[in-house]
Every structure is written in C-alpha cells, then in structure tokens.
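Novice: Input data-v9.cif, format and content: mmCIF, C-alpha atoms and all ligand atoms.
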```cif
data_my_file
#
loop_
_atom_site.label_atom_id
_atom_site.label_comp_id
_atom_site.auth_asym_id
_atom_site.auth_seq_id
_atom_site.Cartn_x
_atom_site.Cartn_y
_atom_site.Cartn_z
CA MET B 763 10.03 17.07 26.51
CA ASN B 764 11.40 13.69 27.54
CA ALA B 765 15.10 13.80 26.78
CA ILE B 766 14.78 16.22 23.89
CA ASP B 767 16.26 19.57 24.75
CA VAL B 768 14.39 22.34 23.10
CA GLN B 769 16.87 25.06 22.45
CA ARG B 770 17.06 27.83 19.98
CA THR B 771 19.50 27.02 17.26
CA THR B 772 20.41 28.58 13.99
CA SER B 773 21.80 25.38 12.50
CA SER B 774 19.92 24.14 9.44
CA VAL B 775 17.87 20.95 9.49
CA TYR B 776 18.08 20.65 5.71
CA GLY B 777 18.96 17.03 4.86
CA ALA B 778 17.95 15.83 8.34
CA VAL B 779 14.23 15.44 7.51
CA ARG B 780 12.36 13.05 5.23
CA LEU B 781 8.80 11.83 4.74
CA GLY B 782 8.56 8.80 7.03
CA TYR B 783 5.00 7.51 7.05
CA VAL B 784 1.49 8.39 6.01
CA LEU B 785 -1.45 7.61 8.29
CA VAL B 786 -4.73 7.51 6.41
CA GLU B 787 -8.06 7.47 8.28
CA SER B 788 -10.77 5.89 6.15
CA PRO B 789 -13.83 3.66 6.32
CA ARG B 790 -12.62 1.84 3.19
CA LEU B 791 -10.15 -0.74 4.52
CA ALA B 792 -11.00 -3.54 2.09
CA GLU B 793 -10.54 -1.19 -0.88
CA TRP B 794 -7.25 0.09 0.55
CA LYS B 795 -5.90 -3.45 0.98
CA ARG B 796 -6.66 -4.24 -2.64
CA PHE B 797 -5.30 -0.89 -3.84
CA ALA B 798 -2.02 -0.78 -1.91
CA ALA B 799 -1.05 -4.47 -1.86
CA ASP B 800 -2.57 -5.93 -5.03
CA GLY B 801 -2.39 -2.78 -7.16
CA ILE B 802 0.63 -0.70 -6.15
CA GLY B 803 2.55 -3.71 -4.79
CA MET B 804 3.31 -2.77 -1.17
CA ALA B 805 3.78 -5.51 1.43
CA LEU B 806 0.88 -6.03 3.82
CA ALA B 807 2.28 -5.92 7.38
CA GLU B 808 -0.95 -5.79 9.40
CA ASP B 809 -4.37 -6.89 8.25
CA GLY B 810 -6.73 -6.23 11.14
CA PRO B 811 -10.38 -5.18 11.44
CA SER B 812 -9.44 -1.69 12.63
CA ALA B 813 -6.17 -1.02 10.81
CA LEU B 814 -3.97 -2.00 7.89
CA ALA B 815 -0.24 -1.39 7.66
CA PHE B 816 1.96 -1.61 4.59
CA ARG B 817 5.73 -1.80 4.16
CA THR B 818 7.89 -0.63 1.28
CA ASP B 819 11.31 -1.19 2.86
CA ALA B 820 13.00 -2.05 6.20
CA HIS B 821 10.60 0.18 8.17
CA ALA B 822 7.92 -1.86 9.94
CA ARG B 823 5.23 0.58 8.69
CA ARG B 824 5.21 3.16 5.89
CA LEU B 825 1.51 3.48 5.04
CA ILE B 826 -1.09 2.90 7.75
CA VAL B 827 -4.83 2.93 7.16
CA ARG B 828 -6.94 3.18 10.30
CA ARG B 829 -10.68 2.57 10.21
CA ASN B 830 -12.57 5.80 10.76
CA ALA B 831 -15.97 7.03 9.62
CA ASN B 832 -14.38 10.17 8.18
CA GLU B 833 -11.48 10.52 5.76
CA ASP B 834 -8.38 12.16 7.19
CA LEU B 835 -4.62 11.98 6.78
CA SER B 836 -1.49 12.65 8.86
CA LEU B 837 2.04 13.02 7.52
CA GLY B 838 4.91 11.61 9.60
CA TRP B 839 8.32 13.21 9.10
CA GLN B 840 11.45 11.36 10.17
CA VAL B 841 14.06 13.57 11.79
CA ASP B 842 17.70 12.45 12.05
CA GLY B 843 18.18 12.92 15.78
CA PRO B 844 17.56 15.01 18.91
CA PRO B 845 19.47 18.13 17.72
CA ALA B 846 17.39 18.48 14.52
CA LEU B 847 14.18 17.59 16.36
CA GLY B 848 15.02 20.14 19.04
CA ALA B 849 15.62 22.81 16.40
CA ILE B 850 12.26 22.16 14.73
CA LEU B 851 10.40 22.11 18.04
CA ALA B 852 12.09 25.36 19.10
CA ARG B 853 10.99 27.05 15.87
CA LEU B 854 7.41 25.82 16.38
CA ALA B 855 7.48 27.04 19.99
CA SER B 856 8.74 30.46 18.94
CA ARG B 857 5.79 30.68 16.53
CA LYS B 858 3.43 29.49 19.30
CA VAL B 859 2.42 26.36 17.39
CA ALA B 860 1.11 23.83 19.94
CA VAL B 861 2.89 20.47 19.85
CA GLU B 862 1.58 17.29 21.47
CA GLU B 863 4.03 14.55 22.44
CA ILE B 864 2.58 11.07 21.94
CA ALA B 865 3.81 7.58 22.85
CA GLY B 866 2.17 4.22 23.50
CA GLU B 867 -0.52 2.77 21.26
CA GLU B 868 -0.78 5.77 18.94
CA ALA B 869 2.96 5.68 18.31
CA ALA B 870 2.96 1.89 17.86
CA LEU B 871 0.20 2.17 15.25
CA ARG B 872 2.54 4.39 13.22
CA GLY B 873 5.56 2.12 13.73
CA VAL B 874 7.52 4.63 15.83
CA GLU B 875 8.64 4.90 19.45
CA ARG B 876 7.34 8.41 20.04
CA LEU B 877 6.00 11.28 17.98
CA TRP B 878 5.43 15.01 18.18
CA ARG B 879 2.17 16.14 16.53
CA PHE B 880 1.05 19.59 15.46
CA VAL B 881 -1.25 21.26 12.98
CA GLY B 882 0.36 22.71 9.88
CA PRO B 883 -0.95 24.84 7.02
CA LYS B 884 -4.44 23.94 5.77
CA ARG B 885 -4.96 22.07 9.08
CA GLN B 886 -2.70 19.28 7.83
CA ALA B 887 -1.69 17.09 10.76
CA LEU B 888 2.10 16.89 10.79
CA GLU B 889 4.06 14.52 13.01
CA LEU B 890 7.75 14.24 13.80
CA PHE B 891 9.60 11.13 14.89
CA VAL B 892 13.18 10.03 15.33
CA GLU B 893 13.09 6.28 15.87
CA PRO B 894 11.23 4.10 13.38
CA LYS B 895 10.62 0.47 14.25
CA LEU B 896 12.38 -1.74 11.74
CA ALA B 897 11.21 -5.18 10.66
CA PRO B 898 13.58 -8.14 10.99
CA ASP B 899 12.87 -9.41 7.47
CA ALA B 900 12.79 -7.95 3.96
CA PRO B 901 9.35 -6.68 2.83
CA ARG B 902 7.48 -8.98 0.47
CA VAL B 903 6.76 -6.27 -2.09
CA ARG B 904 5.94 -6.91 -5.72
CA GLY B 905 8.67 -6.32 -8.28
CA GLU B 906 12.06 -4.85 -7.38
CA GLY B 907 10.61 -2.65 -4.65
CA PHE B 908 10.71 1.00 -3.64
CA VAL B 909 13.40 3.68 -3.36
CA THR B 910 13.50 5.27 0.09
CA GLY B 911 16.67 5.67 2.22
CA ALA B 912 17.86 9.23 2.88
CA ARG B 913 15.16 10.50 0.52
CA GLY B 914 12.37 9.04 2.61
CA LEU B 915 9.07 7.47 1.67
CA GLY B 916 8.27 9.83 -1.20
CA HIS B 917 6.65 13.20 -1.70
CA VAL B 918 3.27 14.84 -1.28
CA ALA B 919 1.51 17.53 -3.29
CA ILE B 920 -0.81 19.91 -1.49
CA THR B 921 -3.20 22.41 -3.06
CA THR B 922 -3.60 25.72 -1.31
CA ARG B 923 -5.23 29.11 -1.54
CA LYS B 924 -2.33 30.60 0.43
CA PRO B 925 0.81 29.42 -1.39
CA GLU B 926 3.09 32.14 0.03
CA ALA B 927 2.18 31.26 3.63
CA MET B 928 2.52 27.52 2.99
CA ILE B 929 5.92 27.88 1.31
CA ALA B 930 7.11 30.22 4.08
CA PHE B 931 6.07 27.63 6.69
CA TRP B 932 8.14 24.84 5.11
CA ARG B 933 11.10 27.16 4.60
CA GLU B 934 11.07 28.55 8.15
CA ILE B 935 10.32 25.36 10.10
CA PHE B 936 12.08 22.74 7.93
CA ASP B 937 14.71 24.80 6.04
CA ALA B 938 13.11 23.66 2.79
CA LYS B 939 14.83 24.81 -0.40
CA ILE B 940 13.05 25.62 -3.64
CA SER B 941 14.04 23.19 -6.41
CA ASP B 942 12.00 24.74 -9.21
CA PHE B 943 8.54 25.74 -10.42
CA ILE B 944 6.03 24.52 -13.00
CA GLU B 945 3.23 26.45 -14.66
CA ASP B 946 0.48 24.51 -16.41
CA ARG B 947 -3.16 24.71 -17.42
CA ILE B 948 -5.03 21.65 -16.13
CA ASN B 949 -8.78 21.12 -16.67
CA GLY B 950 -9.03 24.73 -17.81
CA VAL B 951 -7.39 26.13 -14.66
CA ASP B 952 -4.00 27.93 -14.65
CA LEU B 953 -1.81 26.46 -11.91
CA LYS B 954 1.58 27.23 -10.44
CA PHE B 955 3.53 24.50 -8.62
CA THR B 956 6.42 25.22 -6.27
CA PHE B 957 8.69 22.25 -5.55
CA LEU B 958 10.33 22.17 -2.13
CA ARG B 959 13.08 19.81 -1.03
CA VAL B 960 14.20 19.02 2.50
CA ASN B 961 16.80 16.43 1.43
CA SER B 962 18.32 15.11 -1.79
CA ARG B 963 14.92 14.04 -3.16
CA HIS B 964 14.04 16.64 -5.83
CA HIS B 965 10.99 17.50 -3.74
CA SER B 966 9.25 16.19 -0.66
CA ILE B 967 6.48 18.80 -0.87
CA ALA B 968 4.87 20.29 -3.97
CA VAL B 969 2.67 23.33 -3.34
CA ALA B 970 -0.01 23.79 -6.01
CA ALA B 971 -2.01 26.99 -6.36
CA THR B 972 -4.28 28.55 -8.93
CA LYS B 973 -3.05 31.69 -10.64
CA GLY B 974 -5.32 34.71 -10.32
CA LEU B 975 -8.36 33.96 -8.16
CA ALA B 976 -7.15 31.66 -5.33
CA MET B 977 -9.18 28.45 -5.48
CA ASP B 978 -8.68 24.95 -4.12
CA PRO B 979 -10.21 22.31 -6.39
CA PHE B 980 -9.42 19.39 -4.03
CA THR B 981 -11.29 18.50 -0.86
CA THR B 982 -8.73 15.84 0.17
CA LYS B 983 -5.94 16.89 2.53
CA ILE B 984 -3.26 16.11 -0.04
CA GLN B 985 -3.66 16.08 -3.80
CA HIS B 986 -1.26 13.15 -4.17
CA LEU B 987 1.31 10.99 -2.42
CA GLU B 988 4.24 9.78 -4.49
CA MET B 989 6.30 6.69 -3.95
CA GLN B 990 9.33 5.82 -6.03
CA ALA B 991 9.66 2.39 -7.63
CA ALA B 992 13.08 0.80 -8.12
CA THR B 993 12.74 0.04 -11.82
CA LEU B 994 10.82 1.18 -14.89
CA ASP B 995 9.49 -2.38 -15.15
CA ASP B 996 7.89 -1.94 -11.71
CA ILE B 997 5.92 1.05 -13.06
CA GLY B 998 4.66 -0.96 -16.03
CA GLU B 999 3.75 -3.96 -13.89
CA ALA B 1000 1.94 -1.85 -11.28
CA TYR B 1001 0.10 0.02 -14.02
CA ARG B 1002 -1.05 -3.27 -15.57
CA ARG B 1003 -2.12 -4.63 -12.16
CA CYS B 1004 -4.15 -1.48 -11.40
CA ARG B 1005 -5.85 -1.63 -14.81
CA ALA B 1006 -6.67 -5.33 -14.37
CA LEU B 1007 -8.15 -4.65 -10.92
CA GLY B 1008 -10.29 -1.83 -12.27
CA ILE B 1009 -8.53 0.77 -10.10
CA LYS B 1010 -9.22 4.24 -11.46
CA ILE B 1011 -6.22 5.92 -13.09
CA ALA B 1012 -6.37 9.71 -12.89
CA MET B 1013 -3.42 10.21 -15.22
CA ALA B 1014 -1.82 7.55 -17.43
CA VAL B 1015 1.95 6.99 -17.62
CA GLY B 1016 4.00 10.05 -18.50
CA GLN B 1017 7.25 11.86 -17.66
CA HIS B 1018 7.56 15.03 -15.60
CA THR B 1019 9.49 18.03 -16.88
CA ASN B 1020 11.40 18.83 -13.72
CA ASP B 1021 12.40 15.68 -11.79
CA ARG B 1022 12.17 13.54 -14.95
CA ASP B 1023 10.05 10.97 -13.08
CA VAL B 1024 8.20 8.48 -15.26
CA SER B 1025 4.98 7.91 -13.37
CA PHE B 1026 1.24 7.33 -13.31
CA TYR B 1027 -1.45 8.52 -10.87
CA ALA B 1028 -3.93 6.02 -9.43
CA VAL B 1029 -6.98 7.19 -7.47
CA THR B 1030 -6.82 5.88 -3.89
CA PRO B 1031 -9.96 4.69 -2.09
CA SER B 1032 -9.73 7.94 -0.09
CA GLY B 1033 -9.95 10.10 -3.20
CA PHE B 1034 -6.45 11.56 -3.31
CA TYR B 1035 -4.04 10.20 -5.90
CA LEU B 1036 -1.05 7.91 -5.43
CA GLU B 1037 1.69 8.62 -7.94
CA LEU B 1038 4.06 5.73 -8.55
CA GLY B 1039 7.23 7.06 -10.16
CA TRP B 1040 10.60 5.93 -11.38
CA SER B 1041 13.58 8.17 -12.00
CA SER B 1042 16.91 7.51 -13.64
CA GLU B 1043 18.47 10.22 -11.48
CA GLY B 1044 20.82 9.02 -8.75
CA ASP B 1045 21.21 10.21 -5.18
CA GLY B 1046 22.67 13.55 -4.20
CA GLU B 1047 21.89 15.46 -7.38
CA ALA B 1048 19.30 17.80 -5.92
CA GLU B 1049 21.72 20.69 -5.49
CA ALA B 1050 22.22 20.68 -9.26
CA TRP B 1051 18.58 21.38 -10.11
CA PRO B 1052 18.33 24.79 -11.80
CA GLN B 1053 15.70 26.94 -10.08
CA VAL B 1054 13.74 27.51 -13.27
CA THR B 1055 10.05 27.60 -14.20
CA HIS B 1056 9.07 24.71 -16.45
CA GLN B 1057 6.10 25.13 -18.76
CA GLY B 1058 3.85 22.09 -18.34
CA ILE B 1059 4.06 19.28 -15.80
CA SER B 1060 4.93 16.66 -18.40
CA VAL B 1061 7.39 16.08 -21.23
CA TRP B 1062 5.00 13.42 -22.55
CA GLY B 1063 1.98 11.45 -21.37
CA HIS B 1064 0.13 11.90 -18.05
CA LYS B 1065 -3.10 12.09 -20.06
CA PRO B 1066 -6.33 11.99 -18.01
CA LEU B 1067 -7.63 8.42 -18.21
CA ASP B 1068 -10.54 7.56 -15.92
CA GLN B 1069 -11.55 11.12 -15.08
CA THR B 1070 -15.18 11.65 -16.01
CA LEU B 1071 -16.92 14.90 -16.80
CA GLY B 1072 -18.53 14.48 -13.36
CA ASP B 1073 -15.07 14.40 -11.74
CA ARG B 1074 -14.09 17.59 -13.55
CA LEU B 1075 -17.33 19.32 -12.63
CA ALA B 1076 -16.83 18.27 -8.99
CA GLN B 1077 -13.34 19.81 -9.02
CA MET B 1078 -14.73 23.03 -10.48
CA ARG B 1079 -17.46 23.06 -7.84
CA ASN B 1080 -14.90 22.43 -5.10
CA GLY B 1081 -12.81 25.30 -6.46
CA VAL B 1082 -15.74 27.70 -6.36
CA THR B 1083 -16.97 26.62 -2.90
CA SER B 1084 -13.38 26.92 -1.56
CA LEU B 1085 -13.78 30.68 -2.05
CA LEU B 1086 -16.28 30.64 0.81
CA ARG B 1087 -13.92 28.85 3.23
CA LYS B 1088 -11.06 30.28 5.23
CA GLU B 1089 -7.79 28.38 4.88
CA TYR B 1090 -5.93 27.90 8.15
CA SER B 1091 -2.35 29.03 8.43
CA PRO B 1092 -0.38 28.47 11.66
CA PHE B 1093 1.31 31.88 11.35
FE FE L 1 4.33 14.09 -7.75
#
```
Would you encode the structure as structure tokens?
Specialist:
Amino acid sequence: MNAIDVQRTTSSVYGAVRLGYVLVESPRLAEWKRFAADGIGMALAEDGPSALAFRTDAHARRLIVRRNANEDLSLGWQVDGPPALGAILARLASRKVAVEEIAGEEAALRGVERLWRFVGPKRQALELFVEPKLAPDAPRVRGEGFVTGARGLGHVAITTRKPEAMIAFWREIFDAKISDFIEDRINGVDLKFTFLRVNSRHHSIAVAATKGLAMDPFTTKIQHLEMQAATLDDIGEAYRRCRALGIKIAMAVGQHTNDRDVSFYAVTPSGFYLELGWSSEGDGEAEAWPQVTHQGISVWGHKPLDQTLGDRLAQMRNGVTSLLRKEYSPF
C-alpha cells in the first residue's frame, strides 16, 4: 500500500474528493488539439506524437489525450490526503473491488505522483490520486480561464441502465450526496437525471437513465464532461471560436434549471460532449440546494444545433441494442 494505511473508518470523505483529471484514449490527436486548445481555450502543455496534455489551472495536467486505436476514457479523482484515500480504499476492499496501485510513467502521463485504479460501474475506469504535479507558471488559457479549486475540474454525466446501482456506488464509496433530480423528454425519450455532489460543486456526477424500459442511448463511456469558465464572456467567446472552427455543437447556449449554469455542449472528437458552463453561484452554497425534481433540463436554450437525423437515429439504435448487453456493476 506504500505508506497509505488501509483501515476501516466510518468518517465521511464528503468534501475531500473532486474530479482531478480526465484521460482520453483516442486515435484523433490532431482533432483533439484543435478542439481543446483552439475551440474550448485550454492551454496546451504537451504536444507529442503519442499524447497531448492540457491545463486549465495550476495543475500540470487536467485533460490528457493518449494515442490509442480505440476510444476509451479514465476519470481521475483527487483525494485530500491519506486518511480519505485510506477510507475509500478500505470501502473498495470490503466490497472486493480490485485496486491496482500505479506509479512511474503511467502516473507521470496523468500529472500525478501515484494513482490507485479500479473499475467502477459500467466498466468506467476510476483512478484516485493525492498529489498532483503543479506547473511553475500560470496556464496560457484563452479568456479569463476556468473555475476549479475545491470544486475540482468539473463534472461528468454518465448514462446507465442501472441507475440505482450506480447511485448506490457513489454514495457508498464516495459519500456522495444527492443535490436534486431532473425529469425531461429528450429526442422522444423520457429521462431522469440524478445529480450527485462530493464537494461544494452542485454535482460532480450526473446519472442519466431512461424511465420505463432501461436503455442506454450512448456508446461513449461518459455522456459529457463539464468544465466551468470564469466569466460569461468566456462562454460567448468559446462558442464563437467553436462555430468558426466548424466544431459540432450538440446543444446551443442555454441555462440549466438546477445549478443555473449557462452553458453549451460541443461534440468532442471522441464523440462524447464537452459542456462549457458559467455560473453566478459562489462557493459553498451546495448545502442550500433543495432536493427537488426539476421539470426540464433548461430554463431557456440548449436547443439541438448540429444534431442530424442520423445522429438521433444512431442514439435510438444504440438504445435498442443496449437492451442486449449486460451492464457491469462492481457490487
Ligand atoms: Fe452538465
């Protein structure tokens, strides 16, 4: 375990965990460079033939894209220190979830000293780390930059055919709290979203599931990754850059009902969406969110923009074929 004492503890890790990095595996490095740096406005930190790395803040790496023939994605979660890490590892051990400890080149690629990797719901690779490598200089991002800090890199939304098991996993292993719910009908499908927070960010994980027959219309590991821009101007500028570059926009600018984020969704070269959002809400207000069910994901906007009939048919086909697949759950 290398200096980390695994011991059973009942103390909560709520507030001690945040999304730290995302590692994308993709054959499309040139497209990713254009998308993340020129479109969204992240700072390019490594531009190599086998990997790209992007910064949004003091961390040396926040988004890493490694060249691979197949698309894949790992989520890195930053944990405050050995006690919280030990608590999470003890919970995984008690549920007999295998954890691999990794250092060296694999850790360096992610911009961390060491990581603990395991397979979560829907075979999502999840990784824990304590010590991020920091860069000595400020990131050369476009605009005013990104909001991270105690809230972490952003949030992810994951579609699932087993929402109860997925929510139970995040609650049991990470002490996630439910912020609220949204019901909506999107592309003719009734969906229920459950928003889970592990720190003061309104949510770090959104669990999306169809109502009635359990289908999964997305073949990507995550449905979207969100990053938070510092100003509303940054959203407008990034939106204009993406449009000028011909980057597909899944949903145009709009405002969410629950976290009040003003955001748009761009289609990444890997097929999942990147939501760039801005919120007027300050830090530390998460505990005040009423645990209600909002009707509709948006107060205004978020209209489908570059989604073709083919895209919608593909989602419907994915939903139907998902009925034939088993969805993995670690317990
Ligand atoms: Fe989102």
Novice: List all protein, DNA and RNA residues that have at least one atom no more than 12 Å from any atom of ligand FE 1 (chain L), counting all atoms listed in the file, and write them as a PyMOL selection string.
Specialist: chain B and resi 916-920+944+955-958+963-970+984-990+1013+1016-1028+1034-1041+1059-1060+1064
Novice: Of the candidates B:Ala820, B:Val909, B:Leu825, B:Leu837, which one gets nearest to Ala897 (chain B) if we count all atoms listed in the file?
Specialist: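 Smallest distance to Ala897 (chain B) is found for B:Ala820.
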Novice: Within 6 Å of region 999-1008 of chain B, counting all atoms listed in the file, which residues qualify if same-chain residues fewer than 2 places away don't, as JSON, numbers by chain?
Specialist: {"B": [801, 802, 996, 997]}
Novice: Hey, could you make a per-residue contact list for region 871-953 of chain B against region 860-864 of chain B with 6 Å as the cut-off, showing the nearest pair of atoms and its distance in Å to one decimal, counting only C-alpha atoms, sorted by chain and number, as CSV?
Specialist:
```
residue,atom,partner,partner_atom,distance
B:Arg876,CA,B:Ile864,CA,5.8
B:Leu877,CA,B:Ile864,CA,5.2
B:Trp878,CA,B:Glu863,CA,4.5
B:Arg879,CA,B:Glu862,CA,5.1
B:Phe880,CA,B:Val861,CA,4.8
```
Novice: Applying 6 Å and all atoms listed in the file, which residues near region 1052-1057 of chain B remain after dropping the ones on its own chain fewer than 2 positions away? List them as a list in words.
Specialist: Ser941, Asp942, Phe943, Ile944 and Glu945 of chain B
Novice: Save out the residues we just selected, C-alpha atoms, as an mmCIF file, keeping the file's coordinate frame.
Specialist:
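Written output follows (result.cif):
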```
data_model
loop_
_atom_site.group_PDB
_atom_site.id
_atom_site.type_symbol
_atom_site.label_atom_id
_atom_site.label_comp_id
_atom_site.auth_asym_id
_atom_site.auth_seq_id
_atom_site.Cartn_x
_atom_site.Cartn_y
_atom_site.Cartn_z
ATOM 1 C CA SER B 941 14.040 23.190 -6.410
ATOM 2 C CA ASP B 942 12.000 24.740 -9.210
ATOM 3 C CA PHE B 943 8.540 25.740 -10.420
ATOM 4 C CA ILE B 944 6.030 24.520 -13.000
ATOM 5 C CA GLU B 945 3.230 26.450 -14.660
#
```
Novice: Using all atoms listed in the file, which residue out of B:Ser962, B:Thr993, B:Ser1091, B:Ser1084 lies closest to Phe931 (chain B)?
Specialist: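 Selected residue with least distance to Phe931 (chain B): B:Ser1091.
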Novice: Might you pull out every residue within 9 Å of Ser812 (chain B), with only C-alpha atoms counted and same-chain residues fewer than 6 positions away left off, and present them as a list in words?
Specialist: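 Result of the neighbour search: Leu791, Val827, Arg828, Arg829 and Asn830 of chain B.
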Novice: So how many Å separate CA of Lys884 (chain B) and CA of Ile935 (chain B), to one decimal?
Specialist: 15.4 Å
Novice: With only C-alpha atoms counted, which protein, DNA or RNA residues have an atom no more than 10 Å from (8.6, 7.8, 19.9) in the file frame? Please answer as a PyMOL selection string.
Specialist: chain B and resi 863-866+868-870+872-878+890-895
Novice: Please, what distance in Å, to one decimal, runs between CA of Phe1093 (chain B) and CA of Asp937 (chain B)?
Specialist: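 Between these atoms lies a distance of 16.1 Å.
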Novice: Between B:Asp1073, B:Ser1042, B:Gly1063, B:Asp952, which one has atoms that come closest to Lys1010 (chain B), using only C-alpha atoms?
Specialist: B:Asp1073
Novice: Nearest to Ser1032 (chain B): which of B:Asp1068, B:Glu833, B:Glu1089, B:Asp809 is it, counting only C-alpha atoms?
Specialist: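 Nearest to Ser1032 (chain B): B:Glu833.
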Novice: Can you measure CA of Asn949 (chain B) to CA of Arg923 (chain B) for me? One decimal in Å is fine.
Specialist: 17.5 Å
Novice: With all atoms listed in the file as the basis for distance, which of B:Asp800, B:Asp819, B:Glu1043, B:Glu787 is at the shortest distance from Gly907 (chain B)?
Specialist: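 Of the candidates, the smallest distance to Gly907 (chain B) is held by B:Asp819.
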Novice: Please determine, counting all atoms listed in the file, which residue among B:Arg823, B:Lys973, B:Lys954, B:Arg790 has the shortest atom-to-atom distance to Thr1030 (chain B).
Specialist: B:Arg790
Novice: Using only C-alpha atoms, determine which residues lie at most 7 Å from Met928 (chain B), disregarding the query and same-chain residues fewer than 4 positions distant; provide the list as a PyMOL selection string.
Specialist: chain B and resi 883+924+932
